[in-house]
$ cat target_6.txt   # compact mmCIF, C-alpha atoms and all ligand atoms
# COMPACT_ATOMS: atom_id res chain seq x y z
CA MET A 8 -37.59 -21.01 -28.12
CA GLU A 9 -39.89 -18.02 -28.20
CA THR A 10 -40.01 -15.88 -25.07
CA ALA A 11 -43.80 -16.28 -24.95
CA ALA A 12 -43.44 -20.09 -24.78
CA LEU A 13 -40.83 -19.74 -22.07
CA ILE A 14 -43.13 -17.50 -20.08
CA SER A 15 -46.06 -19.88 -20.37
CA LYS A 16 -43.87 -22.70 -19.09
CA LEU A 17 -42.76 -20.53 -16.19
CA ASN A 18 -46.33 -19.51 -15.40
CA LYS A 19 -47.22 -23.16 -15.06
CA ALA A 20 -44.17 -24.12 -13.00
CA VAL A 21 -44.02 -21.09 -10.70
CA PRO A 22 -47.37 -19.28 -10.79
CA GLY A 23 -47.12 -15.55 -10.14
CA ALA A 24 -43.35 -15.36 -10.62
CA VAL A 25 -43.37 -13.65 -14.01
CA LEU A 26 -44.17 -9.95 -13.90
CA GLN A 27 -43.71 -8.94 -17.52
CA LYS A 28 -41.78 -9.32 -20.73
CA ALA A 29 -39.69 -6.37 -21.91
CA ARG A 30 -37.36 -5.63 -24.80
CA PHE A 31 -33.75 -6.20 -23.95
CA GLY A 32 -31.12 -4.15 -25.74
CA ARG A 33 -31.35 -3.08 -29.36
CA GLY A 34 -31.80 -6.52 -30.91
CA GLY A 35 -34.94 -8.56 -30.90
CA LYS A 36 -34.20 -10.12 -27.52
CA HIS A 37 -36.51 -9.99 -24.54
CA ALA A 38 -35.93 -10.05 -20.83
CA ILE A 39 -38.36 -11.73 -18.47
CA TRP A 40 -38.97 -9.72 -15.33
CA ILE A 41 -39.62 -11.90 -12.34
CA GLU A 42 -40.49 -11.46 -8.68
CA ALA A 43 -37.23 -11.28 -6.73
CA ARG A 44 -38.46 -13.76 -4.11
CA SER A 45 -39.13 -16.38 -6.81
CA ILE A 46 -35.66 -16.28 -8.37
CA ALA A 47 -34.56 -19.62 -6.90
CA ALA A 48 -37.80 -21.37 -7.85
CA VAL A 49 -37.62 -19.98 -11.40
CA ALA A 50 -33.99 -21.11 -11.70
CA GLU A 51 -34.94 -24.60 -10.57
CA ALA A 52 -37.85 -24.74 -13.03
CA LEU A 53 -35.73 -23.56 -15.96
CA SER A 54 -32.90 -25.96 -15.32
CA SER A 55 -35.06 -29.04 -14.66
CA ASP A 56 -37.48 -28.61 -17.57
CA PRO A 57 -36.52 -31.32 -20.12
CA GLU A 58 -37.22 -29.04 -23.11
CA LEU A 59 -35.28 -26.06 -21.76
CA ARG A 60 -32.46 -27.46 -19.63
CA LEU A 61 -31.16 -23.98 -18.91
CA ASP A 62 -28.20 -25.25 -16.97
CA TRP A 63 -25.58 -22.56 -17.50
CA LEU A 64 -25.51 -19.13 -15.86
CA GLU A 65 -23.33 -17.02 -18.12
CA ASN A 66 -23.41 -13.88 -16.06
CA LEU A 67 -25.14 -12.16 -13.20
CA SER A 68 -24.91 -8.40 -13.32
CA VAL A 69 -26.16 -5.88 -10.81
CA ALA A 70 -26.88 -2.19 -11.30
CA GLN A 71 -28.56 0.41 -9.15
CA LEU A 72 -31.60 2.24 -10.52
CA ASP A 73 -32.73 4.98 -8.16
CA GLU A 74 -33.76 3.17 -4.98
CA ALA A 75 -33.57 -0.38 -6.30
CA LEU A 76 -30.92 -2.87 -7.32
CA LEU A 77 -31.50 -4.50 -10.68
CA LEU A 78 -30.31 -8.10 -10.99
CA THR A 79 -29.89 -9.51 -14.50
CA TYR A 80 -29.30 -13.22 -15.04
CA PHE A 81 -28.03 -14.36 -18.43
CA VAL A 82 -28.74 -18.06 -18.80
CA ARG A 83 -28.24 -20.57 -21.56
CA SER A 84 -28.47 -24.29 -22.11
CA ARG A 85 -25.49 -26.43 -23.00
CA GLN A 86 -27.77 -29.07 -24.49
CA THR A 87 -30.57 -27.14 -26.21
CA GLU A 88 -30.19 -23.82 -28.03
CA VAL A 89 -32.30 -21.94 -25.52
CA VAL A 90 -31.08 -18.68 -23.99
CA ALA A 91 -32.89 -16.41 -21.55
CA VAL A 92 -32.44 -13.12 -19.75
CA LEU A 93 -34.10 -12.83 -16.36
CA ARG A 94 -34.43 -9.60 -14.45
CA ALA A 95 -35.53 -8.80 -10.92
CA THR A 96 -35.32 -5.80 -8.66
CA LEU A 97 -34.56 -5.51 -4.97
CA ALA A 98 -35.81 -2.46 -3.12
CA LEU A 99 -33.14 -0.69 -1.08
CA LYS A 100 -34.23 0.03 2.48
CA SER A 101 -31.50 2.44 3.44
CA GLU A 102 -28.01 3.45 2.37
CA ASP A 103 -26.16 1.14 4.69
CA GLU A 104 -28.59 -1.75 5.15
CA LEU A 105 -28.09 -5.12 3.48
CA VAL A 106 -30.84 -6.37 1.16
CA ASP A 107 -31.82 -10.02 0.80
CA ALA A 108 -32.10 -12.05 -2.38
CA PRO A 109 -32.51 -15.78 -2.95
CA SER A 110 -29.38 -17.61 -4.02
CA VAL A 111 -29.27 -19.67 -7.22
CA ARG A 112 -25.94 -21.36 -6.51
CA THR A 113 -27.49 -24.75 -5.78
CA VAL A 114 -29.05 -24.76 -9.25
CA TRP A 115 -26.23 -22.97 -11.10
CA PRO A 116 -22.96 -23.50 -9.21
CA MET A 117 -21.26 -20.92 -11.41
CA ALA A 118 -23.33 -18.28 -9.61
CA VAL A 119 -20.92 -18.46 -6.67
CA PRO A 120 -18.31 -15.92 -7.86
CA PHE A 121 -20.99 -13.61 -9.27
CA GLU A 122 -23.04 -13.64 -6.09
CA ARG A 123 -19.93 -13.20 -3.99
CA GLU A 124 -18.86 -10.11 -5.89
CA ALA A 125 -22.34 -8.58 -5.96
CA SER A 126 -22.77 -9.37 -2.28
CA GLU A 127 -19.64 -7.52 -1.27
CA LEU A 128 -19.83 -4.53 -3.59
CA PHE A 129 -23.60 -3.90 -3.49
CA GLY A 130 -24.45 -5.14 0.00
CA ILE A 131 -26.71 -8.06 -0.93
CA ARG A 132 -27.22 -11.12 1.24
CA PHE A 133 -27.80 -14.08 -1.08
CA GLY A 134 -29.69 -17.00 0.41
CA LYS A 135 -29.43 -17.45 4.14
CA GLY A 136 -25.74 -16.63 4.27
CA LYS A 137 -23.93 -13.51 5.38
CA ARG A 138 -22.61 -10.74 3.18
CA GLU A 139 -19.52 -12.21 1.60
CA THR A 140 -16.12 -10.56 1.59
CA GLY A 141 -12.84 -11.18 -0.18
CA ILE A 142 -12.45 -8.56 -2.91
CA LEU A 143 -12.15 -5.46 -0.76
CA PRO A 144 -9.35 -5.11 1.79
CA LYS A 145 -10.13 -6.14 5.35
CA GLY A 146 -11.85 -3.45 7.37
CA TRP A 147 -13.47 -1.73 4.40
CA ARG A 148 -16.69 0.07 5.29
CA GLY A 149 -19.72 0.52 3.07
CA PHE A 150 -20.84 -0.87 -0.25
CA PRO A 151 -18.76 0.90 -2.87
CA LEU A 152 -20.91 0.26 -5.94
CA ARG A 153 -24.06 1.74 -4.44
CA LYS A 154 -24.80 5.23 -5.66
CA SER A 155 -24.99 6.55 -2.12
CA TYR A 156 -21.40 5.50 -1.36
CA VAL A 157 -19.27 8.47 -0.36
CA PHE A 158 -15.51 8.14 -0.80
CA PRO A 159 -13.78 8.65 2.54
CA GLN A 160 -10.94 11.17 2.74
CA GLU A 161 -8.41 8.47 3.47
CA PHE A 162 -8.00 4.71 3.38
CA PHE A 163 -5.53 3.01 5.70
CA GLN A 164 -3.73 6.29 6.39
CA ILE A 165 -3.29 6.99 2.67
CA ALA A 166 -4.93 10.30 1.70
CA HIS A 167 -7.48 9.63 -1.03
CA SER A 168 -6.91 12.89 -2.92
CA ARG A 169 -4.43 14.46 -5.28
CA PRO A 170 -2.44 17.66 -4.96
CA SER A 171 -3.38 20.47 -7.33
CA PRO A 172 -1.59 20.32 -10.64
CA VAL A 173 1.17 22.92 -10.85
CA GLY A 174 -0.21 26.35 -11.71
CA THR A 175 -3.85 25.70 -10.71
CA SER A 176 -5.74 26.49 -7.57
CA ASP A 177 -8.83 24.32 -7.95
CA GLY A 178 -7.40 21.27 -6.20
CA GLY A 179 -7.03 19.44 -9.49
CA SER A 180 -10.73 18.63 -9.65
CA ARG A 181 -11.92 18.08 -13.20
CA ASP A 182 -15.48 18.85 -12.16
CA ALA A 183 -14.60 22.34 -10.92
CA MET B 20 44.63 16.33 -2.03
CA LYS B 21 44.70 13.80 0.80
CA SER B 22 44.98 10.21 -0.35
CA GLY B 23 41.85 9.21 1.68
CA ALA B 24 39.72 11.79 -0.10
CA PHE B 25 41.02 10.60 -3.44
CA TYR B 26 40.17 7.02 -2.49
CA VAL B 27 36.62 7.83 -1.29
CA SER B 28 35.74 10.02 -4.23
CA THR B 29 37.14 7.68 -6.87
CA VAL B 30 35.79 4.50 -5.35
CA GLY B 31 32.48 6.24 -4.68
CA LYS B 32 32.27 7.31 -8.31
CA LEU B 33 33.16 3.81 -9.45
CA LEU B 34 30.48 2.35 -7.20
CA LYS B 35 27.86 4.78 -8.48
CA TRP B 36 28.85 4.04 -12.07
CA ALA B 37 28.58 0.31 -11.39
CA ARG B 38 25.21 0.67 -9.67
CA ALA B 39 23.81 2.94 -12.38
CA ASN B 40 24.82 0.47 -15.09
CA SER B 41 23.58 -2.69 -13.47
CA LEU B 42 20.02 -1.86 -12.47
CA TRP B 43 18.53 -5.29 -12.02
CA TYR B 44 14.84 -4.78 -11.83
CA THR B 45 11.73 -6.45 -10.60
CA THR B 46 8.35 -5.28 -11.83
CA THR B 47 4.89 -5.46 -10.33
CA GLY B 48 3.01 -5.71 -13.63
CA SER B 49 -0.39 -4.85 -12.20
CA SER B 50 -1.92 -3.55 -15.44
CA CYS B 51 -1.56 -2.51 -19.06
CA CYS B 52 1.69 -0.51 -18.66
CA ALA B 53 3.35 -3.84 -17.89
CA ASP B 54 3.05 -4.73 -21.58
CA GLU B 55 5.23 -1.77 -22.44
CA VAL B 56 7.89 -3.00 -20.05
CA LEU B 57 7.82 -6.32 -21.88
CA ASN B 58 8.25 -4.44 -25.16
CA ALA B 59 11.11 -2.41 -23.73
CA ALA B 60 12.76 -5.56 -22.43
CA GLY B 61 12.30 -7.38 -25.74
CA SER B 62 14.79 -7.57 -28.57
CA ARG B 63 13.66 -4.42 -30.36
CA TYR B 64 14.41 -2.03 -27.50
CA ASP B 65 16.59 -4.33 -25.43
CA LEU B 66 16.78 -2.91 -21.91
CA GLU B 67 19.76 -5.13 -21.21
CA ARG B 68 21.86 -2.61 -23.11
CA PHE B 69 21.48 -0.47 -19.99
CA GLY B 70 22.51 -3.31 -17.71
CA CYS B 71 18.89 -3.91 -16.73
CA ILE B 72 18.18 -7.57 -16.13
CA PRO B 73 14.74 -8.72 -14.99
CA GLN B 74 14.61 -10.45 -11.61
CA VAL B 75 11.75 -12.38 -10.09
CA ASP B 76 13.03 -12.14 -6.54
CA PRO B 77 12.99 -8.65 -5.04
CA ARG B 78 15.98 -9.64 -2.88
CA GLN B 79 18.07 -9.73 -6.05
CA ALA B 80 16.77 -6.44 -7.42
CA ASP B 81 18.02 -2.85 -7.26
CA LEU B 82 15.09 -1.32 -9.05
CA LEU B 83 11.35 -1.73 -8.61
CA ILE B 84 9.33 -0.76 -11.67
CA VAL B 85 5.73 -0.11 -10.66
CA THR B 86 3.57 -0.42 -13.73
CA GLY B 87 0.07 0.86 -13.53
CA VAL B 88 -2.71 0.66 -11.02
CA VAL B 89 -2.01 -0.01 -7.35
CA SER B 90 -5.15 -0.72 -5.37
CA TYR B 91 -5.54 -0.29 -1.61
CA LYS B 92 -5.72 -4.04 -1.29
CA VAL B 93 -2.38 -4.50 -3.03
CA ALA B 94 -0.63 -1.57 -1.31
CA PRO B 95 0.72 -3.53 1.71
CA HIS B 96 2.06 -6.25 -0.60
CA LEU B 97 3.83 -3.70 -2.77
CA LYS B 98 5.37 -2.21 0.35
CA ALA B 99 6.52 -5.70 1.37
CA VAL B 100 8.21 -6.18 -2.04
CA TYR B 101 9.96 -2.83 -1.63
CA ASP B 102 11.02 -3.68 1.92
CA ALA B 103 12.47 -7.00 0.73
CA MET B 104 14.84 -5.27 -1.69
CA PRO B 105 18.37 -4.63 -0.47
CA SER B 106 19.60 -1.03 -0.24
CA PRO B 107 20.48 1.02 -2.20
CA LYS B 108 17.15 0.59 -4.01
CA HIS B 109 15.25 2.66 -6.50
CA VAL B 110 11.68 2.96 -7.74
CA LEU B 111 10.46 3.88 -11.21
CA ALA B 112 6.76 4.78 -11.35
CA LEU B 113 5.54 3.97 -14.81
CA GLY B 114 2.44 5.48 -16.34
CA ALA B 115 -0.30 7.82 -15.22
CA CYS B 116 -1.87 5.25 -12.89
CA ALA B 117 1.29 4.67 -10.89
CA ASN B 118 2.10 8.39 -10.86
CA CYS B 119 -1.21 9.77 -9.67
CA GLY B 120 -4.05 7.27 -10.15
CA GLY B 121 -4.44 8.19 -13.84
CA MET B 122 -7.93 7.50 -15.11
CA PHE B 123 -8.68 5.85 -11.77
CA ALA B 124 -8.23 9.21 -10.07
CA PRO B 125 -9.54 9.62 -6.50
CA GLU B 126 -12.49 11.63 -7.83
CA TYR B 127 -13.69 8.56 -9.76
CA SER B 128 -12.29 5.46 -8.14
CA TYR B 129 -12.64 4.33 -4.56
CA SER B 130 -10.10 1.56 -4.74
CA VAL B 131 -6.96 2.93 -6.39
CA VAL B 132 -4.12 4.59 -4.51
CA PRO B 133 -3.64 8.05 -6.05
CA GLY B 134 0.06 7.65 -6.72
CA VAL B 135 2.47 4.97 -5.65
CA ASP B 136 4.55 7.59 -3.83
CA ARG B 137 1.93 7.43 -1.06
CA ILE B 138 3.32 4.01 -0.19
CA ILE B 139 6.98 3.94 -1.22
CA PRO B 140 9.51 6.62 -2.24
CA VAL B 141 9.71 7.13 -6.00
CA ASP B 142 12.91 8.16 -7.79
CA VAL B 143 11.63 8.78 -11.30
CA TYR B 144 8.10 9.28 -12.63
CA VAL B 145 7.53 8.30 -16.26
CA PRO B 146 4.38 9.91 -17.68
CA GLY B 147 2.16 8.37 -20.35
CA CYS B 148 -0.81 6.10 -20.72
CA PRO B 149 1.01 3.91 -21.46
CA PRO B 150 4.54 5.30 -21.80
CA ARG B 151 6.27 4.07 -24.95
CA PRO B 152 9.45 2.03 -24.57
CA GLU B 153 11.43 5.15 -25.53
CA SER B 154 9.93 6.94 -22.49
CA ILE B 155 10.76 3.99 -20.29
CA MET B 156 14.36 4.10 -21.49
CA ASN B 157 14.40 7.84 -20.94
CA GLY B 158 13.20 7.24 -17.37
CA LEU B 159 15.94 4.70 -16.84
CA ILE B 160 18.58 7.07 -18.15
CA ALA B 161 17.19 9.78 -15.82
CA LEU B 162 17.57 7.32 -12.96
CA GLN B 163 21.12 6.47 -13.98
CA GLU B 164 21.93 10.18 -14.08
CA LYS B 165 20.39 10.59 -10.64
CA ILE B 166 22.46 7.73 -9.23
CA ASN B 167 25.56 9.33 -10.74
CA GLY B 168 24.68 12.55 -8.94
CA ASN B 169 23.48 14.48 -12.01
CA SER B 170 19.77 14.83 -11.35
CA ARG B 171 17.73 16.50 -14.07
CA PRO B 172 15.93 19.70 -13.12
CA HIS B 173 12.49 18.91 -11.78
CA PHE B 174 9.56 20.67 -10.23
CA LYS B 175 7.12 19.51 -7.60
CA ALA B 176 3.37 20.00 -7.25
CA GLN B 177 2.51 22.72 -4.73
S1 LIG C 201 -1.34 4.48 -17.26
FE1 LIG C 201 -2.72 3.82 -18.90
S2 LIG C 201 -1.66 2.10 -19.85
FE2 LIG C 201 -0.72 2.42 -17.84
S3 LIG C 201 -1.78 1.08 -16.42
FE3 LIG C 201 -2.82 3.05 -16.36
S4 LIG C 201 -4.47 2.87 -17.85
FE4 LIG C 201 -3.02 1.22 -18.30
$ encode --input "target_6.txt" --output "structure tokens" --more "lines below"
Ligand code: SF4
Amino acid sequence: METAALISKLNKAVPGAVLQKARFGRGGKHAIWIEARSIAAVAEALSSDPELRLDWLENLSVAQLDEALLLTYFVRSRQTEVVAVLRATLALKSEDELVDAPSVRTVWPMAVPFEREASELFGIRFGKGKRETGILPKGWRGFPLRKSYVFPQEFFQIAHSRPSPVGTSDGGSRDA
Amino acid sequence: MKSGAFYVSTVGKLLKWARANSLWYTTTGSSCCADEVLNAAGSRYDLERFGCIPQVDPRQADLLIVTGVVSYKVAPHLKAVYDAMPSPKHVLALGACANCGGMFAPEYSYSVVPGVDRIIPVDVYVPGCPPRPESIMNGLIALQEKINGNSRPHFKAQ
């Protein structure tokens, strides 16, 4: 299905959710940028539409662009041939504050591991839940995949540094 | 020579020889270097020639081969494996990641321990990314020499 047709369906189902259409990657694909607060409604609309039946979330990736987190949802249908890429941004308030995003796990149950990972590593609260943990060791502070994350000098009494290679005096730093 | 001294030195040498030639090993296999251990253990390189038999239970092992990345989350579990081994026990750090963090160096990675020697004592470091089976065998022979009291010359970082 053409992206334009997909957008017109979305505009009918969730008015105001679609922000724009943009080229995605080098091929002819397009991503649909949506309002972050409408993610759950858009997911519901895409999966329940009888022509689309976008019932499979292939991947949810998160990246930080300046002061915003960019969420990219790759969705496809197991019954029709339709595929779609949805994108939304979440504004970061401060370095160590959690940001909120709607959860799509009730529509696409396979979102659970993706949301869990993004929640822990980027500091996102999906749905009404808490920030989830499980990947990082207990007691870990901060959100390590945010650009503002500063590596501490030590973790659990293990110094997070290397001695200088023999014969150098720059501390072994490759950036020196 | 007193007979006691003769006994201790000869039996001691015999014990060292036996230990050096029956290094039963357990391996952590946390990343790609583990494949090279499999190659080294396979029929082409055949680690069993050196008396090295793989063990799944650390309580049956004399040698711990740490292959690759050790994350902070895994560090206490690795220490537990080492603690479960009976003495005398030895550790072979295999590959750049186990030696010093490798490409997951502390400048770039927040989650990888920069060298397994921060957690457990290491006897022999085998460089490479990954080390070839020949290097692994060379590391094992270095360890055997060390157990026999003939350590190779080495230098330490300042
Ligand atoms: S040293 Fe290289 S081959 Fe070995 S675990 Fe690290 S990245 Fe993989």
$ interface_residues --input "target_6.txt" --of "chain B" --to "chain A" --cutoff "9 Å" --atoms "all atoms listed in the file" --output "count of residues only"
21
$ residues_around --input "target_6.txt" --residues "range 153-162 of chain B" --least-positions-apart "2" --cutoff "10 Å" --atoms "all atoms listed in the file" --output "PyMOL selection string"
chain B and resi 39-40+42+55-56+59-60+64-66+69+71+82+84+109-114+142-147+149-151+164-171
$ atom_distance --input "target_6.txt" --atom1 "CA of Arg94 in chain A" --atom2 "CA of Glu139 in chain A"
22.1 Å
$ residues_near_point --input "target_6.txt" --point "(-26.9, -12.7, -16.3)" --cutoff "7 Å" --atoms "all atoms listed in the file" --output "JSON, numbers by chain"
{"A": [64, 65, 66, 67, 68, 79, 80, 81, 82, 92]}
$ residues_around --input "target_6.txt" --residues "Leu76 in chain A" --least-positions-apart "2" --cutoff "6 Å" --atoms "only C-alpha atoms" --output "PyMOL selection string"
chain A and resi 70-71+96-97
$ residues_around --input "target_6.txt" --residues "Trp63 in chain A" --least-positions-apart "4" --cutoff "8 Å" --atoms "all atoms listed in the file" --output "short mmCIF file (atom, residue, chain, number, x, y, z; two decimals) with C-alpha atoms, in the coordinates of the input"
data_model
loop_
_atom_site.label_atom_id
_atom_site.label_comp_id
_atom_site.auth_asym_id
_atom_site.auth_seq_id
_atom_site.Cartn_x
_atom_site.Cartn_y
_atom_site.Cartn_z
CA VAL A 82 -28.74 -18.06 -18.80
CA ARG A 83 -28.24 -20.57 -21.56
CA SER A 84 -28.47 -24.29 -22.11
CA ARG A 85 -25.49 -26.43 -23.00
CA TRP A 115 -26.23 -22.97 -11.10
CA MET A 117 -21.26 -20.92 -11.41
#
$ build_atoms --input "target_6.txt" --residues "range 37-57 of chain A" --atoms "N, CA, C and O atoms" --output "mmCIF file, in the coordinates of the input"
data_model
loop_
_atom_site.group_PDB
_atom_site.id
_atom_site.type_symbol
_atom_site.label_atom_id
_atom_site.label_comp_id
_atom_site.auth_asym_id
_atom_site.auth_seq_id
_atom_site.Cartn_x
_atom_site.Cartn_y
_atom_site.Cartn_z
ATOM 1 N N HIS A 37 -35.629 -10.444 -25.611
ATOM 2 C CA HIS A 37 -36.510 -9.990 -24.540
ATOM 3 C C HIS A 37 -35.976 -10.435 -23.197
ATOM 4 O O HIS A 37 -35.299 -11.464 -23.102
ATOM 5 N N ALA A 38 -36.260 -9.640 -22.205
ATOM 6 C CA ALA A 38 -35.930 -10.050 -20.830
ATOM 7 C C ALA A 38 -37.239 -10.391 -20.130
ATOM 8 O O ALA A 38 -38.270 -9.780 -20.398
ATOM 9 N N ILE A 39 -37.170 -11.373 -19.246
ATOM 10 C CA ILE A 39 -38.360 -11.730 -18.470
ATOM 11 C C ILE A 39 -38.165 -11.178 -17.065
ATOM 12 O O ILE A 39 -37.200 -11.537 -16.387
ATOM 13 N N TRP A 40 -39.055 -10.301 -16.682
ATOM 14 C CA TRP A 40 -38.970 -9.720 -15.330
ATOM 15 C C TRP A 40 -39.695 -10.648 -14.371
ATOM 16 O O TRP A 40 -40.835 -11.030 -14.611
ATOM 17 N N ILE A 41 -39.020 -10.975 -13.300
ATOM 18 C CA ILE A 41 -39.620 -11.900 -12.340
ATOM 19 C C ILE A 41 -39.617 -11.309 -10.937
ATOM 20 O O ILE A 41 -38.846 -10.389 -10.642
ATOM 21 N N GLU A 42 -40.456 -11.845 -10.100
ATOM 22 C CA GLU A 42 -40.490 -11.460 -8.680
ATOM 23 C C GLU A 42 -39.167 -11.875 -8.034
ATOM 24 O O GLU A 42 -38.751 -13.026 -8.189
ATOM 25 N N ALA A 43 -38.546 -10.961 -7.304
ATOM 26 C CA ALA A 43 -37.230 -11.280 -6.730
ATOM 27 C C ALA A 43 -37.303 -12.500 -5.814
ATOM 28 O O ALA A 43 -36.397 -13.334 -5.809
ATOM 29 N N ARG A 44 -38.421 -12.641 -5.058
ATOM 30 C CA ARG A 44 -38.460 -13.760 -4.110
ATOM 31 C C ARG A 44 -38.610 -15.119 -4.802
ATOM 32 O O ARG A 44 -38.377 -16.156 -4.195
ATOM 33 N N SER A 45 -38.971 -15.096 -6.096
ATOM 34 C CA SER A 45 -39.130 -16.380 -6.810
ATOM 35 C C SER A 45 -37.903 -16.761 -7.623
ATOM 36 O O SER A 45 -37.961 -17.736 -8.387
ATOM 37 N N ILE A 46 -36.815 -16.025 -7.498
ATOM 38 C CA ILE A 46 -35.660 -16.280 -8.370
ATOM 39 C C ILE A 46 -35.207 -17.744 -8.296
ATOM 40 O O ILE A 46 -35.002 -18.399 -9.315
ATOM 41 N N ALA A 47 -35.088 -18.252 -7.063
ATOM 42 C CA ALA A 47 -34.560 -19.620 -6.900
ATOM 43 C C ALA A 47 -35.515 -20.642 -7.515
ATOM 44 O O ALA A 47 -35.072 -21.573 -8.204
ATOM 45 N N ALA A 48 -36.824 -20.435 -7.302
ATOM 46 C CA ALA A 48 -37.800 -21.370 -7.850
ATOM 47 C C ALA A 48 -37.793 -21.323 -9.380
ATOM 48 O O ALA A 48 -37.882 -22.362 -10.062
ATOM 49 N N VAL A 49 -37.665 -20.132 -9.935
ATOM 50 C CA VAL A 49 -37.620 -19.980 -11.400
ATOM 51 C C VAL A 49 -36.371 -20.671 -11.941
ATOM 52 O O VAL A 49 -36.425 -21.386 -12.950
ATOM 53 N N ALA A 50 -35.241 -20.480 -11.262
ATOM 54 C CA ALA A 50 -33.990 -21.110 -11.700
ATOM 55 C C ALA A 50 -34.147 -22.630 -11.721
ATOM 56 O O ALA A 50 -33.747 -23.300 -12.676
ATOM 57 N N GLU A 51 -34.736 -23.151 -10.674
ATOM 58 C CA GLU A 51 -34.940 -24.600 -10.570
ATOM 59 C C GLU A 51 -35.827 -25.092 -11.721
ATOM 60 O O GLU A 51 -35.520 -26.084 -12.385
ATOM 61 N N ALA A 52 -36.916 -24.343 -11.968
ATOM 62 C CA ALA A 52 -37.850 -24.740 -13.030
ATOM 63 C C ALA A 52 -37.171 -24.714 -14.392
ATOM 64 O O ALA A 52 -37.335 -25.630 -15.201
ATOM 65 N N LEU A 53 -36.374 -23.679 -14.644
ATOM 66 C CA LEU A 53 -35.730 -23.560 -15.960
ATOM 67 C C LEU A 53 -34.683 -24.634 -16.181
ATOM 68 O O LEU A 53 -34.517 -25.137 -17.289
ATOM 69 N N SER A 54 -33.978 -24.982 -15.119
ATOM 70 C CA SER A 54 -32.900 -25.960 -15.320
ATOM 71 C C SER A 54 -33.429 -27.402 -15.360
ATOM 72 O O SER A 54 -32.834 -28.267 -15.990
ATOM 73 N N SER A 55 -34.580 -27.644 -14.693
ATOM 74 C CA SER A 55 -35.060 -29.040 -14.660
ATOM 75 C C SER A 55 -36.042 -29.357 -15.786
ATOM 76 O O SER A 55 -36.324 -30.521 -16.048
ATOM 77 N N ASP A 56 -36.549 -28.329 -16.476
ATOM 78 C CA ASP A 56 -37.480 -28.610 -17.570
ATOM 79 C C ASP A 56 -36.742 -29.348 -18.695
ATOM 80 O O ASP A 56 -35.718 -28.871 -19.197
ATOM 81 N N PRO A 57 -37.258 -30.517 -19.122
ATOM 82 C CA PRO A 57 -36.520 -31.320 -20.120
ATOM 83 C C PRO A 57 -36.393 -30.634 -21.479
ATOM 84 O O PRO A 57 -35.466 -30.900 -22.223
#
